[in-house]
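Containing mmCIF, C-alpha atoms: coords32.cif.
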data_coords
loop_
_atom_site.group_PDB
_atom_site.id
_atom_site.type_symbol
_atom_site.label_atom_id
_atom_site.label_comp_id
_atom_site.auth_asym_id
_atom_site.auth_seq_id
_atom_site.Cartn_x
_atom_site.Cartn_y
_atom_site.Cartn_z
ATOM 1 C CA MET L 1 3.090 -36.877 45.883
ATOM 2 C CA THR L 2 2.935 -37.603 42.154
ATOM 3 C CA ALA L 3 -0.812 -37.012 42.075
ATOM 4 C CA ARG L 4 -0.459 -33.644 43.809
ATOM 5 C CA ARG L 5 2.228 -32.320 41.424
ATOM 6 C CA PRO L 6 -0.137 -31.285 38.554
ATOM 7 C CA LEU L 7 -2.259 -29.380 41.069
ATOM 8 C CA LEU L 8 0.817 -27.663 42.463
ATOM 9 C CA LEU L 9 2.067 -26.718 38.998
ATOM 10 C CA THR L 10 -1.365 -25.394 38.062
ATOM 11 C CA ALA L 11 -1.465 -23.263 41.211
ATOM 12 C CA LEU L 12 2.018 -21.866 40.523
ATOM 13 C CA ALA L 13 1.104 -21.049 36.926
ATOM 14 C CA ALA L 14 -2.035 -19.246 38.053
ATOM 15 C CA ALA L 15 -0.073 -17.240 40.600
ATOM 16 C CA ALA L 16 2.506 -16.302 37.957
ATOM 17 C CA ALA L 17 -0.224 -15.204 35.578
ATOM 18 C CA LEU L 18 -1.746 -12.984 38.233
ATOM 19 C CA ALA L 19 1.658 -11.409 38.844
ATOM 20 C CA LEU L 20 2.042 -10.384 35.164
ATOM 21 C CA PRO L 21 0.494 -7.036 34.157
ATOM 22 C CA THR L 22 -2.323 -7.267 31.656
ATOM 23 C CA GLY L 23 -2.680 -4.780 28.782
ATOM 24 C CA SER L 24 -5.243 -2.778 30.767
ATOM 25 C CA ALA L 25 -3.136 -2.807 33.942
ATOM 26 C CA LEU L 26 -0.088 -1.658 31.985
ATOM 27 C CA ALA L 27 -2.069 1.145 30.358
ATOM 28 C CA GLN L 28 -3.271 2.377 33.764
ATOM 29 C CA THR L 29 0.302 2.869 34.953
ATOM 30 C CA TYR L 30 1.817 3.836 31.573
ATOM 31 C CA PRO L 31 4.191 5.513 31.365
ATOM 32 C CA SER L 32 6.010 4.901 34.634
ATOM 33 C CA LYS L 33 9.607 5.225 33.394
ATOM 34 C CA LEU L 34 11.817 6.695 30.664
ATOM 35 C CA ILE L 35 10.644 6.355 27.053
ATOM 36 C CA THR L 36 13.249 5.977 24.282
ATOM 37 C CA LEU L 37 12.335 7.355 20.862
ATOM 38 C CA VAL L 38 14.662 5.828 18.275
ATOM 39 C CA VAL L 39 15.596 7.728 15.109
ATOM 40 C CA SER L 40 17.402 5.625 12.509
ATOM 41 C CA PHE L 41 19.217 8.579 10.932
ATOM 42 C CA PRO L 42 21.906 11.013 12.147
ATOM 43 C CA PRO L 43 21.157 14.209 14.087
ATOM 44 C CA GLY L 44 20.519 17.350 12.060
ATOM 45 C CA GLY L 45 17.973 16.149 9.509
ATOM 46 C CA ASP L 46 14.231 16.792 9.415
ATOM 47 C CA THR L 47 13.369 13.415 10.975
ATOM 48 C CA ASP L 48 15.704 13.939 13.932
ATOM 49 C CA ALA L 49 14.611 17.547 14.468
ATOM 50 C CA LEU L 50 10.919 16.668 14.416
ATOM 51 C CA ALA L 51 11.451 13.668 16.696
ATOM 52 C CA ARG L 52 13.047 15.963 19.282
ATOM 53 C CA THR L 53 10.127 18.381 19.040
ATOM 54 C CA PHE L 54 7.654 15.555 19.699
ATOM 55 C CA ALA L 55 9.820 14.102 22.479
ATOM 56 C CA GLU L 56 9.864 17.435 24.322
ATOM 57 C CA LYS L 57 6.100 17.845 24.035
ATOM 58 C CA LEU L 58 5.338 14.232 24.976
ATOM 59 C CA GLN L 59 7.583 14.460 28.027
ATOM 60 C CA ALA L 60 5.662 17.491 29.250
ATOM 61 C CA ARG L 61 2.333 15.694 28.801
ATOM 62 C CA VAL L 62 3.171 12.346 30.431
ATOM 63 C CA GLY L 63 5.530 13.505 33.186
ATOM 64 C CA GLN L 64 8.266 11.020 32.254
ATOM 65 C CA THR L 65 11.570 11.573 30.477
ATOM 66 C CA VAL L 66 11.470 10.993 26.707
ATOM 67 C CA VAL L 67 14.881 10.729 25.054
ATOM 68 C CA VAL L 68 15.785 10.561 21.369
ATOM 69 C CA GLU L 69 18.403 7.964 20.516
ATOM 70 C CA ASN L 70 20.006 7.923 17.056
ATOM 71 C CA LYS L 71 20.763 4.379 15.859
ATOM 72 C CA THR L 72 22.045 4.938 12.346
ATOM 73 C CA GLY L 73 23.328 2.914 9.421
ATOM 74 C CA ALA L 74 22.300 0.744 6.465
ATOM 75 C CA SER L 75 19.581 3.054 5.134
ATOM 76 C CA GLY L 76 17.905 3.179 8.541
ATOM 77 C CA THR L 77 17.459 -0.564 8.884
ATOM 78 C CA ILE L 78 19.720 -0.904 11.943
ATOM 79 C CA GLY L 79 17.586 1.372 14.114
ATOM 80 C CA ASN L 80 14.354 0.010 12.682
ATOM 81 C CA ALA L 81 15.326 -3.583 13.426
ATOM 82 C CA PHE L 82 16.416 -2.598 16.941
ATOM 83 C CA VAL L 83 12.896 -1.359 17.691
ATOM 84 C CA ALA L 84 11.321 -4.439 16.092
ATOM 85 C CA LYS L 85 13.187 -6.619 18.605
ATOM 86 C CA ALA L 86 12.456 -4.435 21.655
ATOM 87 C CA ALA L 87 9.919 -5.316 24.350
ATOM 88 C CA PRO L 88 6.426 -4.282 23.148
ATOM 89 C CA ASP L 89 5.659 -2.297 26.298
ATOM 90 C CA GLY L 90 5.603 1.241 24.884
ATOM 91 C CA TYR L 91 8.994 2.261 26.264
ATOM 92 C CA THR L 92 10.921 1.834 22.993
ATOM 93 C CA LEU L 93 9.378 3.620 20.034
ATOM 94 C CA LEU L 94 10.464 4.534 16.501
ATOM 95 C CA PHE L 95 10.047 7.836 14.680
ATOM 96 C CA THR L 96 10.700 7.217 11.018
ATOM 97 C CA PRO L 97 10.297 8.552 7.483
ATOM 98 C CA ASN L 98 8.721 6.432 4.776
ATOM 99 C CA THR L 99 12.061 4.908 3.748
ATOM 100 C CA PHE L 100 11.096 2.497 6.553
ATOM 101 C CA ALA L 101 8.649 0.845 4.117
ATOM 102 C CA THR L 102 11.140 0.176 1.332
ATOM 103 C CA ALA L 103 14.651 0.093 2.852
ATOM 104 C CA PRO L 104 14.741 -3.714 3.212
ATOM 105 C CA LEU L 105 13.845 -3.990 -0.476
ATOM 106 C CA VAL L 106 16.693 -1.848 -1.846
ATOM 107 C CA LEU L 107 19.587 -3.189 0.226
ATOM 108 C CA LYS L 108 21.976 -5.645 -1.355
ATOM 109 C CA PRO L 109 21.732 -9.184 0.066
ATOM 110 C CA GLY L 110 23.738 -9.561 3.246
ATOM 111 C CA THR L 111 23.765 -5.847 4.089
ATOM 112 C CA GLY L 112 21.725 -4.000 6.679
ATOM 113 C CA ALA L 113 19.419 -5.420 9.290
ATOM 114 C CA VAL L 114 16.397 -7.567 8.511
ATOM 115 C CA TYR L 115 12.815 -6.663 9.436
ATOM 116 C CA ASP L 116 9.359 -6.853 7.891
ATOM 117 C CA PRO L 117 7.807 -3.362 7.743
ATOM 118 C CA LEU L 118 4.299 -4.827 7.604
ATOM 119 C CA LYS L 119 4.501 -7.575 10.230
ATOM 120 C CA ASP L 120 7.121 -6.614 12.822
ATOM 121 C CA PHE L 121 5.707 -3.295 14.086
ATOM 122 C CA THR L 122 2.701 -1.666 15.716
ATOM 123 C CA PRO L 123 1.567 1.528 13.922
ATOM 124 C CA ILE L 124 0.875 4.384 16.361
ATOM 125 C CA LEU L 125 0.481 7.677 14.468
ATOM 126 C CA LEU L 126 0.979 9.178 11.017
ATOM 127 C CA ALA L 127 2.553 12.511 11.996
ATOM 128 C CA GLY L 128 2.688 14.188 8.611
ATOM 129 C CA THR L 129 3.079 13.837 4.869
ATOM 130 C CA GLN L 130 5.471 15.456 2.427
ATOM 131 C CA GLN L 131 5.148 15.879 -1.304
ATOM 132 C CA LEU L 132 8.048 15.487 -3.717
ATOM 133 C CA PHE L 133 8.795 18.056 -6.406
ATOM 134 C CA LEU L 134 10.692 18.230 -9.674
ATOM 135 C CA VAL L 135 13.012 21.227 -9.293
ATOM 136 C CA THR L 136 15.441 22.620 -11.881
ATOM 137 C CA HIS L 137 18.282 25.141 -12.033
ATOM 138 C CA ALA L 138 16.967 28.532 -13.143
ATOM 139 C CA GLY L 139 19.546 28.807 -15.923
ATOM 140 C CA SER L 140 18.877 25.381 -17.386
ATOM 141 C CA GLY L 141 15.929 26.415 -19.550
ATOM 142 C CA LEU L 142 13.879 23.625 -17.949
ATOM 143 C CA ASN L 143 10.865 25.605 -16.805
ATOM 144 C CA THR L 144 8.138 23.060 -17.513
ATOM 145 C CA VAL L 145 7.742 19.296 -17.609
ATOM 146 C CA LYS L 146 7.476 19.570 -21.387
ATOM 147 C CA ASP L 147 10.906 21.255 -21.424
ATOM 148 C CA VAL L 148 12.399 18.441 -19.332
ATOM 149 C CA VAL L 149 10.980 15.676 -21.518
ATOM 150 C CA ALA L 150 12.071 17.376 -24.748
ATOM 151 C CA ALA L 151 15.585 18.003 -23.392
ATOM 152 C CA ALA L 152 15.875 14.404 -22.225
ATOM 153 C CA LYS L 153 14.758 12.983 -25.568
ATOM 154 C CA SER L 154 17.186 15.221 -27.484
ATOM 155 C CA GLY L 155 20.093 14.370 -25.190
ATOM 156 C CA LYS L 156 20.477 17.952 -23.958
ATOM 157 C CA VAL L 157 19.796 16.747 -20.397
ATOM 158 C CA THR L 158 21.023 13.319 -19.368
ATOM 159 C CA ASN L 159 20.907 13.127 -15.560
ATOM 160 C CA TYR L 160 19.326 14.263 -12.317
ATOM 161 C CA ALA L 161 20.444 14.459 -8.699
ATOM 162 C CA SER L 162 19.040 12.398 -5.845
ATOM 163 C CA PRO L 163 19.943 12.181 -2.141
ATOM 164 C CA GLY L 164 20.943 8.553 -2.602
ATOM 165 C CA SER L 165 20.283 5.326 -4.462
ATOM 166 C CA GLY L 166 17.144 3.601 -3.271
ATOM 167 C CA SER L 167 15.651 6.823 -1.896
ATOM 168 C CA PRO L 168 12.057 7.856 -2.677
ATOM 169 C CA MET L 169 13.552 10.465 -5.036
ATOM 170 C CA HIS L 170 15.382 7.713 -6.920
ATOM 171 C CA ILE L 171 12.170 5.712 -7.140
ATOM 172 C CA LEU L 172 10.375 8.790 -8.487
ATOM 173 C CA GLY L 173 13.126 9.315 -11.064
ATOM 174 C CA GLU L 174 12.632 5.799 -12.400
ATOM 175 C CA MET L 175 8.858 6.220 -12.473
ATOM 176 C CA PHE L 176 9.250 9.518 -14.375
ATOM 177 C CA ASN L 177 11.583 7.858 -16.885
ATOM 178 C CA ARG L 178 9.143 5.042 -17.514
ATOM 179 C CA SER L 179 6.080 7.266 -17.826
ATOM 180 C CA ALA L 180 7.707 9.971 -19.948
ATOM 181 C CA GLY L 181 9.607 7.525 -22.156
ATOM 182 C CA VAL L 182 13.034 8.966 -21.338
ATOM 183 C CA LYS L 183 16.237 7.678 -19.761
ATOM 184 C CA LEU L 184 17.645 10.205 -17.309
ATOM 185 C CA THR L 185 20.442 8.773 -15.176
ATOM 186 C CA GLN L 186 20.448 9.225 -11.414
ATOM 187 C CA VAL L 187 23.486 10.923 -9.865
ATOM 188 C CA PRO L 188 23.366 9.817 -6.201
ATOM 189 C CA TYR L 189 24.632 12.163 -3.493
ATOM 190 C CA ARG L 190 25.159 11.551 0.211
ATOM 191 C CA GLY L 191 21.970 13.315 1.250
ATOM 192 C CA SER L 192 19.896 16.195 -0.083
ATOM 193 C CA GLY L 193 22.272 18.919 1.130
ATOM 194 C CA PRO L 194 25.190 18.222 -1.234
ATOM 195 C CA ALA L 195 22.798 17.611 -4.136
ATOM 196 C CA ILE L 196 21.103 20.971 -3.605
ATOM 197 C CA VAL L 197 24.469 22.752 -3.459
ATOM 198 C CA ASP L 198 25.348 21.397 -6.910
ATOM 199 C CA LEU L 199 21.871 22.148 -8.252
ATOM 200 C CA VAL L 200 21.991 25.780 -7.110
ATOM 201 C CA ALA L 201 25.493 26.104 -8.591
ATOM 202 C CA GLY L 202 24.270 24.750 -11.916
ATOM 203 C CA HIS L 203 26.511 21.682 -11.876
ATOM 204 C CA ILE L 204 23.472 19.456 -12.348
ATOM 205 C CA PRO L 205 20.252 20.540 -14.083
ATOM 206 C CA MET L 206 17.477 19.005 -12.007
ATOM 207 C CA MET L 207 16.512 16.903 -9.002
ATOM 208 C CA TYR L 208 13.547 15.443 -7.157
ATOM 209 C CA THR L 209 13.204 16.734 -3.608
ATOM 210 C CA THR L 210 10.900 17.732 -0.788
ATOM 211 C CA LEU L 211 10.084 21.442 -0.729
ATOM 212 C CA GLY L 212 11.594 22.524 2.586
ATOM 213 C CA PRO L 213 15.303 22.370 1.699
ATOM 214 C CA VAL L 214 14.870 24.265 -1.602
ATOM 215 C CA ALA L 215 12.107 26.767 -0.770
ATOM 216 C CA GLN L 216 14.500 29.665 -0.150
ATOM 217 C CA TYR L 217 16.277 29.130 -3.479
ATOM 218 C CA ILE L 218 12.982 29.006 -5.351
ATOM 219 C CA ALA L 219 11.950 32.271 -3.657
ATOM 220 C CA GLN L 220 15.301 33.817 -4.676
ATOM 221 C CA GLY L 221 14.817 32.780 -8.297
ATOM 222 C CA LYS L 222 17.804 30.428 -8.305
ATOM 223 C CA LEU L 223 15.675 27.325 -8.775
ATOM 224 C CA VAL L 224 12.408 26.618 -10.582
ATOM 225 C CA ASN L 225 9.645 24.528 -9.002
ATOM 226 C CA VAL L 226 8.447 22.667 -12.086
ATOM 227 C CA ALA L 227 5.894 20.106 -10.825
ATOM 228 C CA VAL L 228 4.679 18.161 -7.815
ATOM 229 C CA ALA L 229 4.682 14.351 -7.876
ATOM 230 C CA ASP L 230 1.305 13.976 -6.197
ATOM 231 C CA PRO L 231 -2.307 13.439 -7.312
ATOM 232 C CA GLN L 232 -3.162 16.864 -5.852
ATOM 233 C CA ARG L 233 -1.457 20.225 -6.057
ATOM 234 C CA SER L 234 0.427 21.217 -2.943
ATOM 235 C CA PRO L 235 -1.205 23.657 -0.498
ATOM 236 C CA LEU L 236 2.328 24.988 -0.001
ATOM 237 C CA ALA L 237 2.756 25.712 -3.733
ATOM 238 C CA PRO L 238 -0.741 25.848 -5.252
ATOM 239 C CA ASN L 239 0.403 27.359 -8.572
ATOM 240 C CA VAL L 240 2.723 24.438 -9.339
ATOM 241 C CA PRO L 241 1.071 21.785 -11.549
ATOM 242 C CA THR L 242 1.102 18.073 -10.827
ATOM 243 C CA LEU L 243 3.124 15.797 -13.076
ATOM 244 C CA ALA L 244 -0.119 14.232 -14.266
ATOM 245 C CA GLU L 245 -1.485 17.639 -15.260
ATOM 246 C CA ALA L 246 1.706 18.145 -17.263
ATOM 247 C CA GLY L 247 1.227 14.834 -19.092
ATOM 248 C CA VAL L 248 3.421 12.478 -17.041
ATOM 249 C CA LYS L 249 1.021 10.050 -15.395
ATOM 250 C CA ASP L 250 1.692 7.297 -12.848
ATOM 251 C CA ALA L 251 4.767 9.071 -11.470
ATOM 252 C CA GLU L 252 3.528 9.919 -8.005
ATOM 253 C CA VAL L 253 5.719 9.399 -4.968
ATOM 254 C CA GLY L 254 5.110 10.903 -1.553
ATOM 255 C CA ALA L 255 6.857 10.853 1.791
ATOM 256 C CA TRP L 256 5.665 10.598 5.385
ATOM 257 C CA GLN L 257 6.880 10.672 8.980
ATOM 258 C CA GLY L 258 5.328 8.476 11.648
ATOM 259 C CA PHE L 259 5.529 6.670 14.982
ATOM 260 C CA MET L 260 5.906 2.901 15.192
ATOM 261 C CA GLY L 261 6.381 0.475 18.067
ATOM 262 C CA PRO L 262 7.329 -3.195 18.283
ATOM 263 C CA LYS L 263 4.747 -5.766 17.259
ATOM 264 C CA GLY L 264 2.343 -6.772 20.015
ATOM 265 C CA MET L 265 1.990 -3.509 21.955
ATOM 266 C CA PRO L 266 -1.107 -3.459 24.203
ATOM 267 C CA ALA L 267 -3.995 -1.667 22.498
ATOM 268 C CA ASP L 268 -4.558 0.574 25.527
ATOM 269 C CA VAL L 269 -0.949 1.786 25.436
ATOM 270 C CA VAL L 270 -1.242 2.488 21.709
ATOM 271 C CA ARG L 271 -4.417 4.493 22.332
ATOM 272 C CA THR L 272 -2.711 6.463 25.094
ATOM 273 C CA LEU L 273 0.239 7.366 22.875
ATOM 274 C CA ASN L 274 -1.961 8.072 19.868
ATOM 275 C CA GLY L 275 -4.115 10.439 21.943
ATOM 276 C CA HIS L 276 -1.145 12.400 23.281
ATOM 277 C CA LEU L 277 0.530 12.646 19.882
ATOM 278 C CA ASN L 278 -2.675 13.795 18.175
ATOM 279 C CA GLU L 279 -2.969 16.599 20.730
ATOM 280 C CA ILE L 280 0.676 17.575 20.148
ATOM 281 C CA LEU L 281 -0.035 17.803 16.422
ATOM 282 C CA LYS L 282 -2.603 20.536 17.145
ATOM 283 C CA MET L 283 -0.100 22.808 18.913
ATOM 284 C CA PRO L 284 0.605 25.992 16.881
ATOM 285 C CA ASP L 285 4.375 25.862 17.442
ATOM 286 C CA VAL L 286 4.496 22.231 16.297
ATOM 287 C CA ILE L 287 2.479 23.059 13.180
ATOM 288 C CA ALA L 288 4.818 25.991 12.476
ATOM 289 C CA ARG L 289 7.853 23.731 12.923
ATOM 290 C CA MET L 290 6.414 21.210 10.482
ATOM 291 C CA ASN L 291 5.602 23.948 7.975
ATOM 292 C CA THR L 292 9.268 24.933 7.828
ATOM 293 C CA MET L 293 9.947 21.350 6.705
ATOM 294 C CA ALA L 294 7.062 21.440 4.190
ATOM 295 C CA LEU L 295 5.367 18.719 6.235
ATOM 296 C CA ILE L 296 1.577 18.663 6.227
ATOM 297 C CA PRO L 297 0.286 17.513 9.662
ATOM 298 C CA ALA L 298 -1.764 14.318 9.438
ATOM 299 C CA GLY L 299 -2.785 12.558 12.671
ATOM 300 C CA GLY L 300 -5.756 10.259 13.118
ATOM 301 C CA ASP L 301 -5.866 6.665 14.301
ATOM 302 C CA PRO L 302 -3.090 4.066 13.842
ATOM 303 C CA ALA L 303 -4.898 2.626 10.824
ATOM 304 C CA ALA L 304 -3.961 5.685 8.775
ATOM 305 C CA LEU L 305 -0.268 4.924 9.222
ATOM 306 C CA ALA L 306 -0.781 1.218 8.593
ATOM 307 C CA LYS L 307 -2.557 1.992 5.319
ATOM 308 C CA ILE L 308 0.043 4.384 3.888
ATOM 309 C CA ASN L 309 2.916 2.147 5.022
ATOM 310 C CA GLN L 310 1.398 -0.851 3.238
ATOM 311 C CA TYR L 311 0.680 1.220 0.114
ATOM 312 C CA HIS L 312 4.267 2.476 -0.107
ATOM 313 C CA ASN L 313 5.703 -0.969 0.559
ATOM 314 C CA GLU L 314 3.616 -2.626 -2.141
ATOM 315 C CA ARG L 315 3.526 0.076 -4.823
ATOM 316 C CA TYR L 316 7.121 1.221 -4.583
ATOM 317 C CA GLY L 317 8.277 -2.328 -3.964
ATOM 318 C CA LYS L 318 6.886 -3.240 -7.378
ATOM 319 C CA VAL L 319 8.881 -0.427 -9.005
ATOM 320 C CA ILE L 320 12.031 -1.449 -7.116
ATOM 321 C CA ARG L 321 11.760 -5.032 -8.307
ATOM 322 C CA GLU L 322 10.940 -4.081 -11.912
ATOM 323 C CA THR L 323 13.756 -1.528 -12.263
ATOM 324 C CA GLY L 324 16.386 -3.201 -10.090
ATOM 325 C CA ILE L 325 16.853 -0.177 -7.820
ATOM 326 C CA MET L 326 19.486 -0.818 -5.160
ATOM 327 C CA ALA L 327 20.946 1.344 -2.408
ATOM 328 C CA ASP L 328 24.637 2.277 -2.495
#
Now, as a test, write the supplied structure out as structure tokens.
Amino acid sequence: MTARRPLLLTALAAAAALALPTGSALAQTYPSKLITLVVSFPPGGDTDALARTFAEKLQARVGQTVVVENKTGASGTIGNAFVAKAAPDGYTLLFTPNTFATAPLVLKPGTGAVYDPLKDFTPILLAGTQQLFLVTHAGSGLNTVKDVVAAAKSGKVTNYASPGSGSPMHILGEMFNRSAGVKLTQVPYRGSGPAIVDLVAGHIPMMYTTLGPVAQYIAQGKLVNVAVADPQRSPLAPNVPTLAEAGVKDAEVGAWQGFMGPKGMPADVVRTLNGHLNEILKMPDVIARMNTMALIPAGGDPAALAKINQYHNERYGKVIRETGIMAD
């Protein structure tokens, strides 16, 4: 009996292995049930709105329900960590902005949820990119980067608005300070909305922001689009110079939105999702929806998202450590 036990155990293990779906077998039947798309921020923002657009389109393509679930808190780390711990079968996905790459770095010790943005996830698709802009109140007299630097050095302007400590806009503010040799103090708001209200009212002279939320005020002449914090001029505002063109170099911060899954997803499932999402990105109504958010559609293979995520984590992480940036 003792001699036969190893053979019996081997046979049982082989049978169990045959009963488990392989990556290819899973891909052939995927998806066969509801897909949950996690958004780590509250409803109403650009990330949530775009996630729901993609969920609707993906549901129509795959014939299975796709629901958006908001798991908010701690600069997005709660929802992000939830997805990192989910089964890597393609049924729990994450749609996230680029704060994903730096949030664990700006949280105070003991706050938020822990995850590694480079090791704990499977990149699926880079949906789009956003450029950040330096925008000023029209009555401030800050119409150029030169005006801003001169006003900061003279003490005429001492602060700027951001949607929150630790945000990409805060990181950009610190990079601008360092490059321009000034010391403008961040005034953190609870999101872009309240900051823009005060900027339009003239209560604060300037802020760093994506273009979508302020485009109407720029068109109305209430705000001035001074410069874009990108190596290239924006196709959405081609007459606006880059910060580098205006003399402030090495102050370039961008934003992105993308799809991630838990680490270890089968390659065939990733390819299936990537293919569907790339096709959705070509739809005219999706492109139009992204344009209203000043998002430039990206797409491509998962490597594109992996590359930009690593770049943001490493480059902005260096700035965070050097300047001591922390979230509220």
Evaluate the PyMOL selection byres ((chain L and resi 145) around 12) and record the selected residues as a compact mmCIF listing (two decimals) with C-alpha atoms, keeping the file's coordinate frame, following the chain and residue labels used in the document.
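Output file out-v7.txt follows:
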# COMPACT_ATOMS: atom_id res chain seq x y z
CA PHE L 133 8.80 18.06 -6.41
CA LEU L 134 10.69 18.23 -9.67
CA VAL L 135 13.01 21.23 -9.29
CA THR L 136 15.44 22.62 -11.88
CA GLY L 141 15.93 26.42 -19.55
CA LEU L 142 13.88 23.62 -17.95
CA ASN L 143 10.86 25.60 -16.80
CA THR L 144 8.14 23.06 -17.51
CA LYS L 146 7.48 19.57 -21.39
CA ASP L 147 10.91 21.26 -21.42
CA VAL L 148 12.40 18.44 -19.33
CA VAL L 149 10.98 15.68 -21.52
CA ALA L 150 12.07 17.38 -24.75
CA ALA L 151 15.58 18.00 -23.39
CA ALA L 152 15.88 14.40 -22.22
CA PHE L 176 9.25 9.52 -14.38
CA ALA L 180 7.71 9.97 -19.95
CA MET L 206 17.48 19.00 -12.01
CA VAL L 224 12.41 26.62 -10.58
CA ASN L 225 9.64 24.53 -9.00
CA VAL L 226 8.45 22.67 -12.09
CA ALA L 227 5.89 20.11 -10.82
CA VAL L 228 4.68 18.16 -7.82
CA ALA L 229 4.68 14.35 -7.88
CA VAL L 240 2.72 24.44 -9.34
CA PRO L 241 1.07 21.78 -11.55
CA THR L 242 1.10 18.07 -10.83
CA LEU L 243 3.12 15.80 -13.08
CA ALA L 244 -0.12 14.23 -14.27
CA GLU L 245 -1.48 17.64 -15.26
CA ALA L 246 1.71 18.14 -17.26
CA GLY L 247 1.23 14.83 -19.09
CA VAL L 248 3.42 12.48 -17.04
CA LYS L 249 1.02 10.05 -15.40
Would you write out, as a PyMOL selection string, every residue that the PyMOL selection byres ((chain L and resi 223) around 6) captures in this file? chain L and resi 136-138+217-218+221-222+224
Could you write out as JSON, numbers by chain the residues that the PyMOL selection byres ((chain L and resi 306) around 12) matches in the shown file? {"L": [98, 101, 117, 118, 119, 120, 121, 122, 123, 124, 125, 126, 256, 258, 259, 260, 261, 300, 301, 302, 303, 304, 305, 307, 308, 309, 310, 311, 312, 313]}
Could you name the residues that touch Arg190 of chain L at 10 Å or less, counting all atoms listed in the file, but leaving out those on the same chain fewer than 3 positions away, as a JSON list (two decimals) with C-alpha atoms, in the frame of the given file?
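Heads up, here's the output in out_29.json:
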[["chain", "number", "residue", "atom", "x", "y", "z"],
["L", 162, "SER", "CA", 19.04, 12.40, -5.84],
["L", 163, "PRO", "CA", 19.94, 12.18, -2.14],
["L", 164, "GLY", "CA", 20.94, 8.55, -2.60],
["L", 165, "SER", "CA", 20.28, 5.33, -4.46],
["L", 193, "GLY", "CA", 22.27, 18.92, 1.13],
["L", 194, "PRO", "CA", 25.19, 18.22, -1.23],
["L", 195, "ALA", "CA", 22.80, 17.61, -4.14],
["L", 328, "ASP", "CA", 24.64, 2.28, -2.50]]
Which of these residues is nearest to Gly275 of chain L, using only C-alpha atoms: L:Leu94, L:Ala55, L:Leu172, L:Val62? L:Val62
In Å, with one decimal, what is the gap from atom CA of Asp250 of chain L to atom CA of Ser179 of chain L? 6.6 Å
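For the point (14.2, 18.6, 5.3), the residues with at least one atom inside 7 Å, counting all atoms listed in the file, are Gly45, Asp46, Thr210, Gly212, Pro213 and Met293 of chain L.
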Calculate how many Å separate atom CA of Ala127 of chain L from atom CA of Ala298 of chain L, rounding to one decimal.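 Atom CA of Ala127 of chain L sits 5.3 Å away from atom CA of Ala298 of chain L.
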re atom CA of Ala161 of chain L and atom CA of Val187 of chain L: distance 4.8 Å
Using all atoms listed in the file, give me every residue within 8 Å of (15.8, 6.3, -0.4) in file coordinates, as a PyMOL selection string. chain L and resi 75+99+102-103+163-171+327
Centre and edge lengths of an axis-aligned box around all listed atoms of segment 291-301 of chain L, with 8 Å added on each side, are to be given in Å to one decimal, as JSON.
{"center_x": 2.0, "center_y": 15.8, "center_z": 9.2, "size_x": 31.8, "size_y": 34.3, "size_z": 26.1}
Ile296 of chain L: which residues within 8 Å, counting only C-alpha atoms, same-chain residues fewer than 5 positions away excluded, as a ChimeraX atom specification? /L:128-130,290-291
Close residues, Ala74 of chain L itself excluded, 10 Å, only C-alpha atoms, min 5 positions apart in chain, as a PyMOL selection string: chain L and resi 40-41+79+103-104+107+111-113+327-328
Of L:Ala288, L:Val66, L:Glu314, L:Ser192, the one sitting nearest Phe54 of chain L when using all atoms listed in the file is L:Val66
